[in-house]
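Notes follow the structure.
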Amino acid sequence: MENTIHRALQLRRQGKLQESKEMFLTSLSMDPLNPSLHYQCAQSFDILAEETKAMPFYEKAIELGLADDELEDVFIKLGCIYRTHERFLEAKKLYQEAMRKFPKKEQMKIFYAMALYNLGEHSEAMGFLIDNLAYTTTNQDILKYYRTITYLGSRLDSSSDEIIALDKNQQLQPSTKSIVEKVTEGLKNFGIGGFYTSSGFEYDDYYRFFNNRDLEARRCALAAFTVMLGAWHALSGFTFIPQHDRKYLNGYDPNEPFHELNNYIEAFVAHHQQIKQDFPVMFKYIIEFLISIEENRKVPYEKWFPELDAQLVQRLRDEVLLPYKLLLDIPTEYKYFLKEAGIQPFFKDDFFE
C-alpha cells in the first residue's frame with residue numbers, strides 16, 4: 001500500500017494528474033477508513049478543478065479524524081469550495097471550527113473574514129482582517145498605531161461617544177501615602193501571580209526616587225518600575241501607553257496623570273550605575289524587560305512612542321542596554337528578585353532556607 005501511495009504522489013509531481021487520481025481511488029477502495037487517502041483523493045479532484053467531486057472526500061477526511069498537518073489544509077480548501085459554491089454559512093461554521101482547532105494559525109481568520117463578507121457581516125469581517133493585519137505585520141508604521149488600529153477595527157459601526165468614553169467626573173484627590181506605602185500595597189499579593197497578575201500601583205512619579213537618599217524609597221521605586229515593565233512584558237498590564245493611544249482606553253480622563261515612559265528612561269539612564277550597584281537583580285530584570293519588549297513588538301521605542309526623546313532612547317541602548325546585555329547570559333533565580341524587591345514569597349521554592 002505504501003508503495004502505491006508513494007507512486008501516486010510521484011505521478012502527481014510529474015503532472016500525470018489523472019493517473020495519480022485513479023491510483024489514489026484504487027488505494028482508497030482497499031482502505032476506505034483511511035482519512036489520509038480521502039484527503040489525497042480530494043486533492044486529486046481539487047487540482048483537476050472537479051470541486052463538487054472533491055467536497056465529499058474532504059468532508060469524510062475530517063469525519064474520520066485526519067491528522068493535524070493535513071487537516072489544516074483541508075479546512076482551508078473545503079471552506080474555499082463552500083464559498084465559491086455559495087454555501088456561505090457552511091464555510092463560516094467550518095472556519096469557526098478551524099480557528100478553535102488551530103488558534104495560532106492566523107490565515108484561518110482571513111478566510112473566515114471572507115465568509116463573513118459573503119454573509120453580509122461586513123463590520124465583523126473587516127474587524128478580523130484589521131486585527132490579523134496588526135497582529136502579524138512587521139511593518140513599523142502599522143505597529144506604531146497597533147492599539148489604535150485594533151481598537152477602532154473592532155468598533156467600525158460605533159459612534160464617537162461609544163468609541164471614546166471620557167470620564168471627567170471624578171476629581172483626582174491628592175494622596176497622603178508615602179511611596180513606600182503605595183508600593184508595599186501594590187505588591188501585597190505579587191508573590192502568588194508575579195508579573196502575570198500584577199494589578200499596578202497607586203499613581204506616583206516613582207522615577208523621581210531612583211536616586212533618593214532613602215534606600216527604602218529607592219528600593220520601592222525600582223521595584224515598582226521593574227514590576228511595571230514585567231507586567232508589560234507578560235502582556236498582563238500596560239502602565240506605559242503612547243500618548244496618541246490613550247483616548248482609546250475605557251474611561252479615559254485627559255486630566256489624570258499618566259506614567260510617561262520618557263521620564264523613567266531619563267532617570268534610569270542617569271542613575272543606572274548606582275542602581276546596578278545597589279540593586280543588581282532588579283537592574284538585570286529591567287535590562288531584560290526593556291530589550292525584550294522592544295524586540296517582541298518589532299518596532300523601536302521612539303517610533304512606538306513618538307513623544308520620546310529619540311536621542312535619549314539611543315543613549316539608553318548605547319550606554320545601558322548593549323553594554324550590560326551580557327548579564328542576561330547568567331540566569332538569576334526568581335527568589336532573588338523577590339528578596340531584593342522586598343516582596344513576601346508565597347510558594348515554597350521562592351523562600352530561602
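In the C-alpha cells, the first chain shown is A, the next is B, and so on; residue numbers restart at 1 for each chain, and ligands run from 1 in the order shown.
When the distance limit is 10 Å and only C-alpha atoms are what count, the residues near Thr52 (chain A), minus those fewer than 2 positions from it on the same chain, are Ala42, Phe45, Asp46, Ala49, Glu50, Ala54, Met55, Pro56, Phe57, Ile81, Tyr82 and His85 of chain A.
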Okay, now the selection with C-alpha atoms, as an mmCIF file, in the first residue's frame?
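Printed below is again23.cif as written:
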```cif
data_model
loop_
_atom_site.group_PDB
_atom_site.id
_atom_site.type_symbol
_atom_site.label_atom_id
_atom_site.label_comp_id
_atom_site.auth_asym_id
_atom_site.auth_seq_id
_atom_site.Cartn_x
_atom_site.Cartn_y
_atom_site.Cartn_z
ATOM 1 C CA ALA A 42 -9.965 15.123 -2.582
ATOM 2 C CA PHE A 45 -10.180 16.066 -7.782
ATOM 3 C CA ASP A 46 -9.489 19.589 -6.497
ATOM 4 C CA ALA A 49 -10.999 21.642 -10.865
ATOM 5 C CA GLU A 50 -13.588 18.971 -10.074
ATOM 6 C CA ALA A 54 -13.608 16.766 -4.110
ATOM 7 C CA MET A 55 -16.065 18.003 -1.466
ATOM 8 C CA PRO A 56 -17.318 14.654 -0.068
ATOM 9 C CA PHE A 57 -13.766 13.344 0.182
ATOM 10 C CA ILE A 81 -15.064 25.353 -2.160
ATOM 11 C CA TYR A 82 -18.067 26.058 0.070
ATOM 12 C CA HIS A 85 -20.380 27.330 -4.421
#
```
Region 45-225 of chain A: residues DSSP assigns to helix (DSSP H, G or I), reported as a ChimeraX atom specification: /A:45-47,51-63,68-84,88-101,107-118,122-136,140-143,146-153,160-163,179-186,190-196,206-209,215-225
Pick from A:Phe238, A:Tyr151, A:Tyr324, A:Phe347 nearest to Ile192 (chain A), counting only C-alpha atoms: A:Phe347
Residue nearest Val183 (chain A) among A:Pro103, A:Ala341, A:Ile287, A:Gly65 (counting only C-alpha atoms): A:Ala341
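Nearest residue to Lys105 (chain A), choosing from A:Tyr39, A:Tyr285, A:Phe75, A:Phe24 and counting only C-alpha atoms: A:Phe75.
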Residue contacts of Gly200 (chain A) (8 Å, only C-alpha atoms) excluding same-chain residues fewer than 5 positions away, as a VMD selection string: chain A and resid 186 228 237 239
Residues near Met114 (chain A), cut-off 8 Å, only C-alpha atoms, skip fewer than 4 positions along chain, as a PyMOL selection string: chain A and resi 110+118+125
Written file, previous selection with N, CA and C atoms, as a tab-separated table (two decimals), in the first residue's frame:
```
chain	number	residue	atom	x	y	z
A	110	ILE	N	-8.39	35.10	8.05
A	110	ILE	CA	-8.59	35.76	6.76
A	110	ILE	C	-9.69	35.07	5.96
A	118	ASN	N	-19.34	37.42	2.67
A	118	ASN	CA	-20.36	36.83	1.82
A	118	ASN	C	-21.72	36.77	2.50
A	125	ALA	N	-16.26	41.20	9.51
A	125	ALA	CA	-15.25	40.73	8.56
A	125	ALA	C	-14.06	41.68	8.53
```
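Distances here use only C-alpha atoms; by that measure, the residue among A:Ala234, A:Ile179, A:His244, A:Glu22 closest to Gly193 (chain A) is A:Ala234.
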Counting only C-alpha atoms, what is within 12 Å of His122 (chain A), bar same-chain residues fewer than 5 positions away, as a PDB file with all heavy atoms, in the first residue's frame?
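Output file selection_16.pdb is given in full below:
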```
ATOM      1  N   TYR A 112     -11.995  33.175   7.195  1.00  0.00           N
ATOM      2  CA  TYR A 112     -13.231  33.365   7.950  1.00  0.00           C
ATOM      3  C   TYR A 112     -13.843  34.728   7.620  1.00  0.00           C
ATOM      4  O   TYR A 112     -15.068  34.834   7.433  1.00  0.00           O
ATOM      5  CB  TYR A 112     -12.932  33.269   9.444  1.00  0.00           C
ATOM      6  CG  TYR A 112     -14.127  33.488  10.353  1.00  0.00           C
ATOM      7  CD1 TYR A 112     -15.235  32.643  10.296  1.00  0.00           C
ATOM      8  CD2 TYR A 112     -14.148  34.525  11.283  1.00  0.00           C
ATOM      9  CE1 TYR A 112     -16.325  32.823  11.135  1.00  0.00           C
ATOM     10  CE2 TYR A 112     -15.232  34.711  12.131  1.00  0.00           C
ATOM     11  CZ  TYR A 112     -16.307  33.867  12.050  1.00  0.00           C
ATOM     12  OH  TYR A 112     -17.391  34.045  12.886  1.00  0.00           O
ATOM     13  N   ALA A 113     -13.005  35.740   7.506  1.00  0.00           N
ATOM     14  CA  ALA A 113     -13.488  37.081   7.174  1.00  0.00           C
ATOM     15  C   ALA A 113     -14.161  37.100   5.804  1.00  0.00           C
ATOM     16  O   ALA A 113     -15.155  37.795   5.594  1.00  0.00           O
ATOM     17  CB  ALA A 113     -12.333  38.076   7.220  1.00  0.00           C
ATOM     18  N   MET A 114     -13.632  36.339   4.862  1.00  0.00           N
ATOM     19  CA  MET A 114     -14.259  36.262   3.530  1.00  0.00           C
ATOM     20  C   MET A 114     -15.666  35.673   3.621  1.00  0.00           C
ATOM     21  O   MET A 114     -16.594  36.147   2.957  1.00  0.00           O
ATOM     22  CB  MET A 114     -13.396  35.408   2.600  1.00  0.00           C
ATOM     23  CG  MET A 114     -12.044  35.989   2.269  1.00  0.00           C
ATOM     24  SD  MET A 114     -11.154  34.885   1.129  1.00  0.00           S
ATOM     25  CE  MET A 114      -9.505  35.574   1.208  1.00  0.00           C
ATOM     26  N   ALA A 115     -15.809  34.616   4.443  1.00  0.00           N
ATOM     27  CA  ALA A 115     -17.132  34.007   4.611  1.00  0.00           C
ATOM     28  C   ALA A 115     -18.091  34.994   5.266  1.00  0.00           C
ATOM     29  O   ALA A 115     -19.276  35.075   4.887  1.00  0.00           O
ATOM     30  CB  ALA A 115     -17.020  32.740   5.433  1.00  0.00           C
ATOM     31  N   LEU A 116     -17.615  35.751   6.243  1.00  0.00           N
ATOM     32  CA  LEU A 116     -18.456  36.765   6.892  1.00  0.00           C
ATOM     33  C   LEU A 116     -18.903  37.812   5.883  1.00  0.00           C
ATOM     34  O   LEU A 116     -20.053  38.263   5.895  1.00  0.00           O
ATOM     35  CB  LEU A 116     -17.691  37.431   8.040  1.00  0.00           C
ATOM     36  CG  LEU A 116     -17.359  36.557   9.251  1.00  0.00           C
ATOM     37  CD1 LEU A 116     -16.525  37.347  10.252  1.00  0.00           C
ATOM     38  CD2 LEU A 116     -18.633  36.051   9.923  1.00  0.00           C
ATOM     39  N   TYR A 117     -17.982  38.227   5.026  1.00  0.00           N
ATOM     40  CA  TYR A 117     -18.326  39.209   3.992  1.00  0.00           C
ATOM     41  C   TYR A 117     -19.446  38.677   3.094  1.00  0.00           C
ATOM     42  O   TYR A 117     -20.404  39.393   2.792  1.00  0.00           O
ATOM     43  CB  TYR A 117     -17.087  39.518   3.151  1.00  0.00           C
ATOM     44  CG  TYR A 117     -17.377  40.411   1.962  1.00  0.00           C
ATOM     45  CD1 TYR A 117     -17.405  41.790   2.096  1.00  0.00           C
ATOM     46  CD2 TYR A 117     -17.646  39.855   0.706  1.00  0.00           C
ATOM     47  CE1 TYR A 117     -17.698  42.599   1.000  1.00  0.00           C
ATOM     48  CE2 TYR A 117     -17.935  40.651  -0.380  1.00  0.00           C
ATOM     49  CZ  TYR A 117     -17.954  42.035  -0.232  1.00  0.00           C
ATOM     50  OH  TYR A 117     -18.258  42.831  -1.309  1.00  0.00           O
ATOM     51  N   GLY A 127     -13.204  43.734  10.886  1.00  0.00           N
ATOM     52  CA  GLY A 127     -12.548  43.666  12.188  1.00  0.00           C
ATOM     53  C   GLY A 127     -11.536  42.538  12.252  1.00  0.00           C
ATOM     54  O   GLY A 127     -10.426  42.708  12.764  1.00  0.00           O
ATOM     55  N   PHE A 128     -11.912  41.364  11.719  1.00  0.00           N
ATOM     56  CA  PHE A 128     -10.992  40.226  11.720  1.00  0.00           C
ATOM     57  C   PHE A 128      -9.776  40.512  10.847  1.00  0.00           C
ATOM     58  O   PHE A 128      -8.640  40.197  11.209  1.00  0.00           O
ATOM     59  CB  PHE A 128     -11.711  38.971  11.216  1.00  0.00           C
ATOM     60  CG  PHE A 128     -12.231  38.104  12.319  1.00  0.00           C
ATOM     61  CD1 PHE A 128     -13.500  38.311  12.840  1.00  0.00           C
ATOM     62  CD2 PHE A 128     -11.467  37.090  12.849  1.00  0.00           C
ATOM     63  CE1 PHE A 128     -13.988  37.521  13.872  1.00  0.00           C
ATOM     64  CE2 PHE A 128     -11.939  36.281  13.872  1.00  0.00           C
ATOM     65  CZ  PHE A 128     -13.201  36.503  14.383  1.00  0.00           C
ATOM     66  N   LEU A 129      -9.991  41.130   9.676  1.00  0.00           N
ATOM     67  CA  LEU A 129      -8.875  41.421   8.785  1.00  0.00           C
ATOM     68  C   LEU A 129      -7.932  42.449   9.396  1.00  0.00           C
ATOM     69  O   LEU A 129      -6.702  42.318   9.318  1.00  0.00           O
ATOM     70  CB  LEU A 129      -9.394  41.936   7.432  1.00  0.00           C
ATOM     71  CG  LEU A 129     -10.053  40.904   6.528  1.00  0.00           C
ATOM     72  CD1 LEU A 129     -10.587  41.573   5.274  1.00  0.00           C
ATOM     73  CD2 LEU A 129      -9.067  39.802   6.153  1.00  0.00           C
ATOM     74  N   GLY A 153     -10.771  49.050  14.838  1.00  0.00           N
ATOM     75  CA  GLY A 153     -11.179  47.982  13.929  1.00  0.00           C
ATOM     76  C   GLY A 153     -12.278  47.109  14.489  1.00  0.00           C
ATOM     77  O   GLY A 153     -13.055  46.516  13.739  1.00  0.00           O
ATOM     78  N   SER A 154     -12.374  47.039  15.812  1.00  0.00           N
ATOM     79  CA  SER A 154     -13.423  46.235  16.438  1.00  0.00           C
ATOM     80  C   SER A 154     -14.676  47.065  16.737  1.00  0.00           C
ATOM     81  O   SER A 154     -15.628  46.553  17.320  1.00  0.00           O
ATOM     82  CB  SER A 154     -12.903  45.610  17.735  1.00  0.00           C
ATOM     83  OG  SER A 154     -12.574  46.616  18.674  1.00  0.00           O
ATOM     84  N   ARG A 155     -14.652  48.332  16.340  1.00  0.00           N
ATOM     85  CA  ARG A 155     -15.786  49.233  16.624  1.00  0.00           C
ATOM     86  C   ARG A 155     -16.147  50.055  15.389  1.00  0.00           C
ATOM     87  O   ARG A 155     -16.391  51.256  15.481  1.00  0.00           O
ATOM     88  CB  ARG A 155     -15.434  50.161  17.796  1.00  0.00           C
ATOM     89  CG  ARG A 155     -15.225  49.442  19.119  1.00  0.00           C
ATOM     90  CD  ARG A 155     -14.522  50.318  20.139  1.00  0.00           C
ATOM     91  NE  ARG A 155     -14.456  49.694  21.457  1.00  0.00           N
ATOM     92  CZ  ARG A 155     -13.569  48.774  21.804  1.00  0.00           C
ATOM     93  NH1 ARG A 155     -12.658  48.355  20.925  1.00  0.00           N
ATOM     94  NH2 ARG A 155     -13.568  48.248  23.012  1.00  0.00           N
ATOM     95  N   LEU A 156     -16.188  49.418  14.243  1.00  0.00           N
ATOM     96  CA  LEU A 156     -16.374  50.139  12.985  1.00  0.00           C
ATOM     97  C   LEU A 156     -17.726  50.838  12.886  1.00  0.00           C
ATOM     98  O   LEU A 156     -17.862  51.860  12.217  1.00  0.00           O
ATOM     99  CB  LEU A 156     -16.205  49.167  11.805  1.00  0.00           C
ATOM    100  CG  LEU A 156     -14.791  48.625  11.606  1.00  0.00           C
ATOM    101  CD1 LEU A 156     -14.780  47.537  10.552  1.00  0.00           C
ATOM    102  CD2 LEU A 156     -13.841  49.745  11.214  1.00  0.00           C
ATOM    103  N   ASP A 157     -18.731  50.304  13.557  1.00  0.00           N
ATOM    104  CA  ASP A 157     -20.069  50.892  13.472  1.00  0.00           C
ATOM    105  C   ASP A 157     -20.428  51.712  14.710  1.00  0.00           C
ATOM    106  O   ASP A 157     -21.584  52.125  14.867  1.00  0.00           O
ATOM    107  CB  ASP A 157     -21.119  49.787  13.288  1.00  0.00           C
ATOM    108  CG  ASP A 157     -20.965  49.076  11.951  1.00  0.00           C
ATOM    109  OD1 ASP A 157     -20.595  49.754  10.973  1.00  0.00           O
ATOM    110  OD2 ASP A 157     -21.205  47.862  11.881  1.00  0.00           O
TER     111      ASP A 157
END
```
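Counting from CA of Phe88 (chain A), the distance to CA of Ile76 (chain A) is 13.6 Å.
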